$ cat entry_31.cif   # mmCIF, C-alpha atoms
data_coords
loop_
_atom_site.label_atom_id
_atom_site.label_comp_id
_atom_site.auth_asym_id
_atom_site.auth_seq_id
_atom_site.Cartn_x
_atom_site.Cartn_y
_atom_site.Cartn_z
CA MET A 1 -24.98 -4.32 12.39
CA SER A 2 -22.87 -4.69 9.23
CA ASP A 3 -19.66 -6.71 9.29
CA VAL A 4 -17.51 -3.61 8.82
CA VAL A 5 -19.17 -1.85 11.78
CA GLN A 6 -18.79 -4.99 13.88
CA GLU A 7 -15.07 -4.97 13.03
CA LEU A 8 -14.80 -1.41 14.33
CA VAL A 9 -16.67 -2.27 17.54
CA GLU A 10 -14.23 -5.16 18.06
CA LEU A 11 -11.31 -2.83 17.28
CA LEU A 12 -12.43 -0.62 20.17
CA ASN A 13 -12.78 -3.63 22.49
CA LEU A 14 -9.26 -3.52 23.88
CA GLU A 15 -7.40 -6.41 25.43
CA THR A 16 -6.60 -5.95 29.11
CA ILE A 17 -2.89 -6.69 29.69
CA GLU A 18 -2.50 -5.62 33.30
CA HIS A 19 -3.91 -3.07 35.75
CA ASN A 20 -4.25 0.20 33.74
CA LEU A 21 -2.61 -1.40 30.66
CA PHE A 22 -4.53 -2.24 27.49
CA ARG A 23 -3.67 -3.33 23.95
CA GLY A 24 -5.38 -2.47 20.67
CA GLN A 25 -5.00 -3.63 17.10
CA ASN A 26 -5.05 -1.54 13.90
CA ARG A 27 -7.17 -1.33 10.79
CA ASP A 28 -5.80 0.10 7.55
CA ILE A 29 -8.14 2.66 5.98
CA GLY A 30 -5.70 3.84 3.33
CA GLY A 31 -3.44 6.30 5.15
CA ARG A 32 0.33 6.27 5.49
CA SER A 33 0.04 5.50 9.22
CA VAL A 34 -2.53 4.53 11.82
CA PHE A 35 -5.74 6.58 11.49
CA GLY A 36 -5.80 9.22 14.22
CA GLY A 37 -9.48 8.70 15.00
CA GLN A 38 -8.77 5.06 15.79
CA VAL A 39 -6.16 6.04 18.39
CA VAL A 40 -8.47 8.63 19.97
CA GLY A 41 -11.33 6.14 20.14
CA GLN A 42 -9.18 3.36 21.59
CA ALA A 43 -7.56 5.69 24.12
CA LEU A 44 -11.00 6.82 25.28
CA MET A 45 -12.10 3.21 25.69
CA ALA A 46 -8.95 2.48 27.71
CA ALA A 47 -9.73 5.38 30.07
CA LEU A 48 -13.36 4.27 30.39
CA ARG A 49 -12.20 0.82 31.49
CA THR A 50 -10.66 2.37 34.63
CA LEU A 51 -13.82 4.06 35.94
CA ASP A 52 -15.26 2.69 39.16
CA GLU A 53 -18.72 4.14 38.54
CA ASN A 54 -20.89 5.12 35.60
CA ARG A 55 -19.67 8.57 34.56
CA GLN A 56 -20.00 10.17 31.15
CA THR A 57 -17.21 11.62 29.04
CA HIS A 58 -17.47 15.40 28.82
CA SER A 59 -14.15 16.39 27.23
CA LEU A 60 -10.86 15.08 25.92
CA HIS A 61 -7.67 16.78 24.73
CA ALA A 62 -5.14 14.79 22.74
CA TYR A 63 -1.77 15.19 21.00
CA PHE A 64 -0.42 13.06 18.17
CA LEU A 65 3.30 12.72 18.87
CA ARG A 66 4.55 10.22 16.27
CA PRO A 67 3.02 8.40 13.28
CA GLY A 68 1.51 5.07 14.32
CA ASP A 69 2.95 1.89 12.84
CA MET A 70 0.15 -0.05 11.12
CA ARG A 71 2.02 -3.35 11.56
CA ALA A 72 2.35 -3.20 15.37
CA PRO A 73 -0.30 -3.26 18.11
CA ILE A 74 -0.70 -0.21 20.35
CA VAL A 75 -0.36 -0.36 24.13
CA TYR A 76 -2.42 2.15 26.12
CA GLU A 77 -1.25 3.09 29.61
CA VAL A 78 -3.82 4.89 31.78
CA VAL A 79 -2.87 7.07 34.74
CA ARG A 80 -5.65 7.65 37.28
CA ILE A 81 -5.14 11.34 37.99
CA ARG A 82 -8.20 12.03 40.15
CA ASP A 83 -11.49 10.50 41.27
CA GLY A 84 -13.55 13.39 42.64
CA GLY A 85 -17.10 13.75 43.81
CA SER A 86 -18.33 15.07 40.46
CA PHE A 87 -15.41 14.71 38.04
CA THR A 88 -12.89 12.01 37.19
CA THR A 89 -9.65 12.67 35.28
CA ARG A 90 -7.45 10.23 33.38
CA ASN A 91 -4.28 10.55 31.32
CA VAL A 92 -3.63 8.04 28.54
CA VAL A 93 -0.39 7.39 26.65
CA ALA A 94 -0.33 5.22 23.53
CA ILE A 95 2.96 3.35 23.05
CA GLN A 96 4.58 1.52 20.13
CA HIS A 97 8.13 0.16 19.99
CA GLY A 98 8.81 1.59 23.45
CA GLU A 99 7.94 5.18 22.46
CA ALA A 100 4.90 7.36 23.04
CA ILE A 101 3.00 8.05 19.83
CA PHE A 102 0.00 9.80 21.42
CA SER A 103 -1.10 11.33 24.72
CA MET A 104 -4.54 12.35 25.95
CA SER A 105 -6.21 13.87 28.99
CA VAL A 106 -9.88 13.00 29.40
CA SER A 107 -12.45 14.12 31.96
CA PHE A 108 -15.65 12.37 33.03
CA GLN A 109 -18.61 13.75 34.97
CA ARG A 110 -21.25 12.22 37.16
CA PRO A 111 -24.64 12.85 35.44
CA GLU A 112 -25.95 16.18 36.67
CA LYS A 113 -28.85 18.47 35.72
CA GLY A 114 -28.18 22.16 35.22
CA LEU A 115 -28.92 25.33 33.25
CA GLU A 116 -29.05 24.95 29.48
CA HIS A 117 -28.83 27.18 26.41
CA GLN A 118 -27.73 26.80 22.78
CA CYS A 119 -26.72 29.65 20.47
CA ALA A 120 -25.30 27.46 17.71
CA GLU A 121 -27.67 27.04 14.77
CA MET A 122 -27.66 23.91 12.69
CA PRO A 123 -26.90 24.73 9.02
CA ASN A 124 -29.79 24.43 6.61
CA VAL A 125 -28.59 21.58 4.38
CA PRO A 126 -30.26 18.75 2.44
CA ALA A 127 -31.25 15.65 4.41
CA PRO A 128 -28.82 12.71 4.19
CA GLU A 129 -31.37 10.67 2.21
CA ALA A 130 -31.07 13.24 -0.61
CA LEU A 131 -27.26 12.96 -0.83
CA GLU A 132 -24.85 10.48 -2.37
CA SER A 133 -22.60 8.50 -0.03
CA GLU A 134 -18.86 9.05 -0.15
CA HIS A 135 -18.40 5.35 -0.94
CA ASP A 136 -20.59 5.67 -4.05
CA ILE A 137 -18.67 8.79 -5.08
CA ARG A 138 -15.40 6.87 -4.80
CA ARG A 139 -16.81 4.00 -6.88
CA ARG A 140 -17.61 6.45 -9.68
CA LEU A 141 -13.96 7.57 -9.65
CA VAL A 142 -12.54 4.05 -9.84
CA ASP A 143 -10.89 4.59 -13.24
CA ARG A 144 -8.93 7.57 -11.90
CA ILE A 145 -7.54 5.71 -8.88
CA ASP A 146 -4.07 4.17 -8.92
CA GLU A 147 -4.39 0.38 -9.10
CA ARG A 148 -1.93 0.00 -6.22
CA VAL A 149 -4.31 1.68 -3.76
CA ARG A 150 -7.64 1.06 -5.49
CA GLY A 151 -8.66 -1.76 -3.17
CA ILE A 152 -8.13 0.28 -0.01
CA PHE A 153 -9.69 3.39 -1.58
CA LEU A 154 -12.87 1.46 -2.40
CA ARG A 155 -13.05 -0.56 0.83
CA PRO A 156 -16.32 0.09 2.73
CA ARG A 157 -15.80 2.13 5.89
CA PRO A 158 -17.57 1.54 9.19
CA ILE A 159 -18.70 5.18 9.22
CA GLU A 160 -21.05 6.09 6.38
CA ILE A 161 -20.39 9.64 5.18
CA ARG A 162 -22.60 11.74 2.90
CA PRO A 163 -20.96 15.05 1.89
CA VAL A 164 -23.28 18.01 1.41
CA ASP A 165 -21.06 19.53 -1.31
CA PRO A 166 -18.54 16.90 -2.47
CA VAL A 167 -15.00 17.88 -3.46
CA ASP A 168 -13.25 16.47 -6.53
CA PHE A 169 -10.35 14.55 -4.97
CA PHE A 170 -8.26 14.84 -8.14
CA GLN A 171 -8.97 18.40 -9.31
CA PRO A 172 -10.32 20.36 -6.32
CA ASP A 173 -11.42 23.91 -6.93
CA ALA A 174 -10.71 26.80 -4.56
CA ARG A 175 -13.45 27.09 -1.95
CA GLU A 176 -14.23 28.85 1.29
CA PRO A 177 -12.82 26.73 4.16
CA LYS A 178 -16.20 25.44 5.28
CA LYS A 179 -18.04 22.16 4.67
CA GLN A 180 -20.66 19.83 6.09
CA ILE A 181 -21.09 16.06 6.07
CA TRP A 182 -23.71 13.72 7.46
CA PHE A 183 -22.31 10.62 9.13
CA ARG A 184 -23.43 7.54 11.05
CA ALA A 185 -22.50 3.95 11.84
CA PRO A 186 -24.93 1.97 9.66
CA GLY A 187 -26.95 -0.66 11.50
CA GLN A 188 -28.27 -0.85 15.04
CA LEU A 189 -25.72 -0.44 17.84
CA PRO A 190 -26.11 -1.58 21.46
CA ASP A 191 -27.33 0.89 24.08
CA ASP A 192 -23.83 1.54 25.39
CA ARG A 193 -23.10 5.25 25.87
CA ALA A 194 -19.34 4.63 26.17
CA LEU A 195 -19.31 2.87 22.80
CA HIS A 196 -21.24 5.69 21.13
CA HIS A 197 -18.80 8.26 22.55
CA ALA A 198 -15.79 6.24 21.34
CA LEU A 199 -17.33 5.85 17.89
CA LEU A 200 -17.96 9.60 17.64
CA ALA A 201 -14.35 10.23 18.70
CA TYR A 202 -13.28 7.87 15.92
CA ALA A 203 -15.49 9.55 13.30
CA SER A 204 -14.60 13.12 14.34
CA ASP A 205 -11.18 12.80 12.68
CA PHE A 206 -12.68 12.20 9.23
CA ALA A 207 -12.75 15.24 6.91
CA LEU A 208 -11.82 17.85 9.52
CA LEU A 209 -8.20 18.44 8.50
CA GLY A 210 -9.20 18.59 4.84
CA THR A 211 -11.29 21.70 5.56
CA GLY A 212 -8.14 23.82 5.69
CA MET A 213 -7.09 22.57 2.25
CA LEU A 214 -10.17 23.91 0.48
CA PRO A 215 -8.93 27.49 -0.26
CA HIS A 216 -5.65 26.10 -1.62
CA LYS A 217 -7.10 23.58 -4.11
CA LEU A 218 -5.45 20.66 -2.32
CA SER A 219 -6.55 17.17 -1.31
CA PHE A 220 -5.09 14.17 0.48
CA LEU A 221 -4.62 12.44 -2.89
CA ASP A 222 -2.15 15.11 -4.06
CA PRO A 223 1.33 13.51 -3.72
CA ASN A 224 2.78 16.96 -2.96
CA VAL A 225 0.63 17.36 0.16
CA HIS A 226 1.90 16.30 3.58
CA ALA A 227 -0.85 16.55 6.17
CA ALA A 228 -1.23 15.03 9.63
CA SER A 229 -3.23 15.73 12.79
CA LEU A 230 -1.22 17.40 15.56
CA ASP A 231 -3.85 17.65 18.29
CA HIS A 232 -7.53 16.93 18.76
CA ALA A 233 -10.13 18.01 21.31
CA ILE A 234 -13.78 17.06 21.81
CA TRP A 235 -16.46 18.39 24.16
CA PHE A 236 -19.58 16.24 24.56
CA HIS A 237 -22.69 18.31 25.29
CA HIS A 238 -25.77 16.08 24.90
CA SER A 239 -26.60 12.43 24.43
CA PHE A 240 -26.72 11.03 20.90
CA ARG A 241 -26.68 7.78 18.97
CA MET A 242 -24.06 6.95 16.39
CA ASP A 243 -26.54 4.78 14.47
CA ASP A 244 -28.63 7.91 13.82
CA TRP A 245 -27.52 10.54 11.29
CA LEU A 246 -25.38 13.36 12.70
CA LEU A 247 -24.39 16.55 10.87
CA TYR A 248 -20.74 17.60 11.12
CA SER A 249 -20.33 21.29 10.25
CA MET A 250 -16.65 22.24 9.86
CA GLU A 251 -14.61 25.36 9.22
CA SER A 252 -10.96 26.40 9.18
CA PRO A 253 -10.65 29.98 10.52
CA CYS A 254 -6.88 30.14 10.08
CA ALA A 255 -3.81 28.47 8.59
CA ALA A 256 -0.26 29.65 9.30
CA HIS A 257 3.26 28.28 9.84
CA ALA A 258 2.35 25.05 7.99
CA ARG A 259 -0.47 24.44 10.49
CA SER A 260 -4.18 24.48 9.79
CA PHE A 261 -6.62 25.20 12.64
CA ASN A 262 -9.99 23.52 12.18
CA ARG A 263 -13.11 23.28 14.29
CA GLY A 264 -16.45 21.54 13.99
CA GLN A 265 -19.91 21.32 15.49
CA ILE A 266 -21.86 18.06 15.50
CA PHE A 267 -25.66 18.23 15.48
CA SER A 268 -28.37 15.62 15.84
CA ARG A 269 -31.10 15.64 13.18
CA ASP A 270 -33.37 17.70 15.43
CA GLY A 271 -30.77 20.51 15.60
CA ARG A 272 -29.32 19.84 19.04
CA LEU A 273 -25.59 20.50 19.38
CA VAL A 274 -24.25 17.20 20.74
CA ALA A 275 -20.48 17.78 20.48
CA SER A 276 -17.84 20.36 19.54
CA VAL A 277 -14.46 19.51 18.04
CA SER A 278 -11.25 21.45 17.44
CA GLN A 279 -8.04 20.32 15.81
CA GLU A 280 -4.78 21.69 14.49
CA GLY A 281 -2.99 19.79 11.77
CA LEU A 282 0.22 19.90 9.83
CA MET A 283 -0.45 21.10 6.27
CA ARG A 284 2.56 21.29 3.98
CA ALA A 285 2.42 21.66 0.22
CA ARG A 286 5.68 20.65 -1.39
CA ARG A 287 6.71 22.53 -4.51
CA LYS A 288 5.74 20.68 -7.66
CA PRO A 289 8.61 19.89 -10.06
#
$ encode --input "entry_31.cif" --output "structure tokens"
Amino acid sequence: MSDVVQELVELLNLETIEHNLFRGQNRDIGGRSVFGGQVVGQALMAALRTLDENRQTHSLHAYFLRPGDMRAPIVYEVVRIRDGGSFTTRNVVAIQHGEAIFSMSVSFQRPEKGLEHQCAEMPNVPAPEALESEHDIRRRLVDRIDERVRGIFLRPRPIEIRPVDPVDFFQPDAREPKKQIWFRAPGQLPDDRALHHALLAYASDFALLGTGMLPHKLSFLDPNVHAASLDHAIWFHHSFRMDDWLLYSMESPCAAHARSFNRGQIFSRDGRLVASVSQEGLMRARRKP
């Protein structure tokens, strides 16, 4: 496991403060506030800490209420809503400076066999080995990056991303609101299903909101763009490993009222749909002077 992946694993290893209370730290990845995927992943880990038996996450629904302060730790308060025969429900609130910045409901299920079908088809795209990593793409753009943020922009990320059809961050062209990326946590991870689920929750917030920007020739590096996740939902369908390549196929069916609706399907390399994601995000384009 690389050092940067180990840092992420430790970031998800929350400190227990009291019964149902946990504390997490932050890692700056270059945004204006705490990365939303970090909060989702940590909140899921907090909820998992309160389970009395081995149950697997099957869905979560979250709302981002306030921007997270990078300089302050986050306290996660878990409410044990229900412990049923088959399903367990938890609510999690993330708190900073005495205010809620995030809330999430998450449901767990006792492992159970049942009927299966899959209509979703994995897109026919090049294998990840044939594609350039996002980190290498950023390194090629180093001369176009503001020196004040260059270090953060070029910092290795714990999730390796390989875009199928990369976008020019500085001069994006107008495209259909669809894209695909391969992603994984490089290195071998422990056989801990909860950790793999939390890492996927973390990674699922990368690139999704940007899908709605594609038809409008916008990117996160445009100073006139104000974008932020408003809510986030994940359904886990099949087992997977985050140290194997996963394909994230994303689309934005609609944008209206300064909100972009985005959804994604995550496939294993053999074409199995392992998770589905949906998100709505704030997407404002200020008028250029």
$ closest_residue --input "entry_31.cif" --among "A:His238, A:Arg162, A:Arg139, A:Lys217" --to "Pro177 of chain A" --atoms "only C-alpha atoms"
A:Lys217
$ closest_residue --input "entry_31.cif" --among "A:Ala207, A:Ser133, A:Ser229, A:Gly98" --to "Pro67 of chain A" --atoms "all atoms listed in the file"
A:Ser229
$ resolve_selection --input "entry_31.cif" --expression "the PyMOL selection byres ((chain A and resi 5) around 9)" --output "VMD selection string"
chain A and resid 1 to 4 6 to 10 157 to 159 185 to 187
$ atom_distance --input "entry_31.cif" --atom1 "atom CA of Arg155 of chain A" --atom2 "atom CA of Ile29 of chain A"
7.8 Å
$ resolve_selection --input "entry_31.cif" --expression "the PyMOL selection byres ((chain A and resi 248) around 7)" --output "JSON, numbers by chain"
{"A": [180, 181, 182, 246, 247, 249, 250, 264, 265, 266, 267]}
$ write_last_selection --input "entry_31.cif" --atoms "C-alpha atoms" --output "tab-separated table (two decimals), in the frame of the given file"
chain	number	residue	atom	x	y	z
A	180	GLN	CA	-20.66	19.83	6.09
A	181	ILE	CA	-21.09	16.06	6.07
A	182	TRP	CA	-23.71	13.72	7.46
A	246	LEU	CA	-25.38	13.36	12.70
A	247	LEU	CA	-24.39	16.55	10.87
A	249	SER	CA	-20.33	21.29	10.25
A	250	MET	CA	-16.65	22.24	9.86
A	264	GLY	CA	-16.45	21.54	13.99
A	265	GLN	CA	-19.91	21.32	15.49
A	266	ILE	CA	-21.86	18.06	15.50
A	267	PHE	CA	-25.66	18.23	15.48
$ residues_around --input "entry_31.cif" --residues "Gly30 of chain A" --least-positions-apart "3" --cutoff "12 Å" --atoms "all atoms listed in the file" --output "PDB file with C-alpha atoms, in the coordinates of the input"
ATOM      1  CA  ASN A  26      -5.050  -1.540  13.900  1.00  0.00           C
ATOM      2  CA  ARG A  27      -7.170  -1.330  10.790  1.00  0.00           C
ATOM      3  CA  SER A  33       0.040   5.500   9.220  1.00  0.00           C
ATOM      4  CA  VAL A  34      -2.530   4.530  11.820  1.00  0.00           C
ATOM      5  CA  PHE A  35      -5.740   6.580  11.490  1.00  0.00           C
ATOM      6  CA  MET A  70       0.150  -0.050  11.120  1.00  0.00           C
ATOM      7  CA  ARG A 148      -1.930   0.000  -6.220  1.00  0.00           C
ATOM      8  CA  VAL A 149      -4.310   1.680  -3.760  1.00  0.00           C
ATOM      9  CA  ARG A 150      -7.640   1.060  -5.490  1.00  0.00           C
ATOM     10  CA  GLY A 151      -8.660  -1.760  -3.170  1.00  0.00           C
ATOM     11  CA  ILE A 152      -8.130   0.280  -0.010  1.00  0.00           C
ATOM     12  CA  PHE A 153      -9.690   3.390  -1.580  1.00  0.00           C
ATOM     13  CA  LEU A 154     -12.870   1.460  -2.400  1.00  0.00           C
ATOM     14  CA  ARG A 155     -13.050  -0.560   0.830  1.00  0.00           C
ATOM     15  CA  PRO A 156     -16.320   0.090   2.730  1.00  0.00           C
ATOM     16  CA  ARG A 157     -15.800   2.130   5.890  1.00  0.00           C
ATOM     17  CA  PHE A 220      -5.090  14.170   0.480  1.00  0.00           C
ATOM     18  CA  LEU A 221      -4.620  12.440  -2.890  1.00  0.00           C
TER      19      LEU A 221
END
$ resolve_selection --input "entry_31.cif" --expression "the PyMOL selection byres ((chain A and resi 214) around 8)" --output "list in words"
Pro172, Asp173, Ala174, Arg175, Glu176, Pro177, Lys178, Gly210, Thr211, Gly212, Met213, Pro215, His216, Lys217, Leu218 and Ser219 of chain A
$ residues_around --input "entry_31.cif" --residues "Leu209 of chain A" --least-positions-apart "6" --cutoff "8 Å" --atoms "only C-alpha atoms" --output "list in words"
Ala227, Ala228, Ser229, Ser260, Asn262, Gln279, Glu280 and Gly281 of chain A
$ closest_residue --input "entry_31.cif" --among "A:Leu230, A:Leu282, A:Val106, A:Ala72" --to "Thr88 of chain A" --atoms "all atoms listed in the file"
A:Val106
$ atom_distance --input "entry_31.cif" --atom1 "atom CA of Pro166 of chain A" --atom2 "atom CA of Arg140 of chain A"
12.7 Å
$ atom_distance --input "entry_31.cif" --atom1 "atom CA of Val78 of chain A" --atom2 "atom CA of His19 of chain A"
8.9 Å
$ closest_residue --input "entry_31.cif" --among "A:Asn20, A:Ser59, A:Gln42, A:Thr50" --to "Ser278 of chain A" --atoms "all atoms listed in the file"
A:Ser59
$ residues_around --input "entry_31.cif" --residues "Leu12 of chain A" --least-positions-apart "6" --cutoff "9 Å" --atoms "all atoms listed in the file" --output "PyMOL selection string"
chain A and resi 24-25+38+41-43+45-46+195+198-199
$ closest_residue --input "entry_31.cif" --among "A:Ala275, A:Leu141, A:Arg259, A:Leu14" --to "His58 of chain A" --atoms "only C-alpha atoms"
A:Ala275
$ closest_residue --input "entry_31.cif" --among "A:Pro223, A:Asn54, A:Cys254, A:Phe169" --to "Val142 of chain A" --atoms "only C-alpha atoms"
A:Phe169
$ residues_around --input "entry_31.cif" --residues "Ala94 of chain A" --least-positions-apart "4" --cutoff "6 Å" --atoms "all atoms listed in the file" --output "CSV table (one decimal) with C-alpha atoms, keeping the file's coordinate frame"
chain,number,residue,atom,x,y,z
A,75,VAL,CA,-0.4,-0.4,24.1
A,76,TYR,CA,-2.4,2.2,26.1
A,100,ALA,CA,4.9,7.4,23.0
A,101,ILE,CA,3.0,8.0,19.8
A,102,PHE,CA,0.0,9.8,21.4
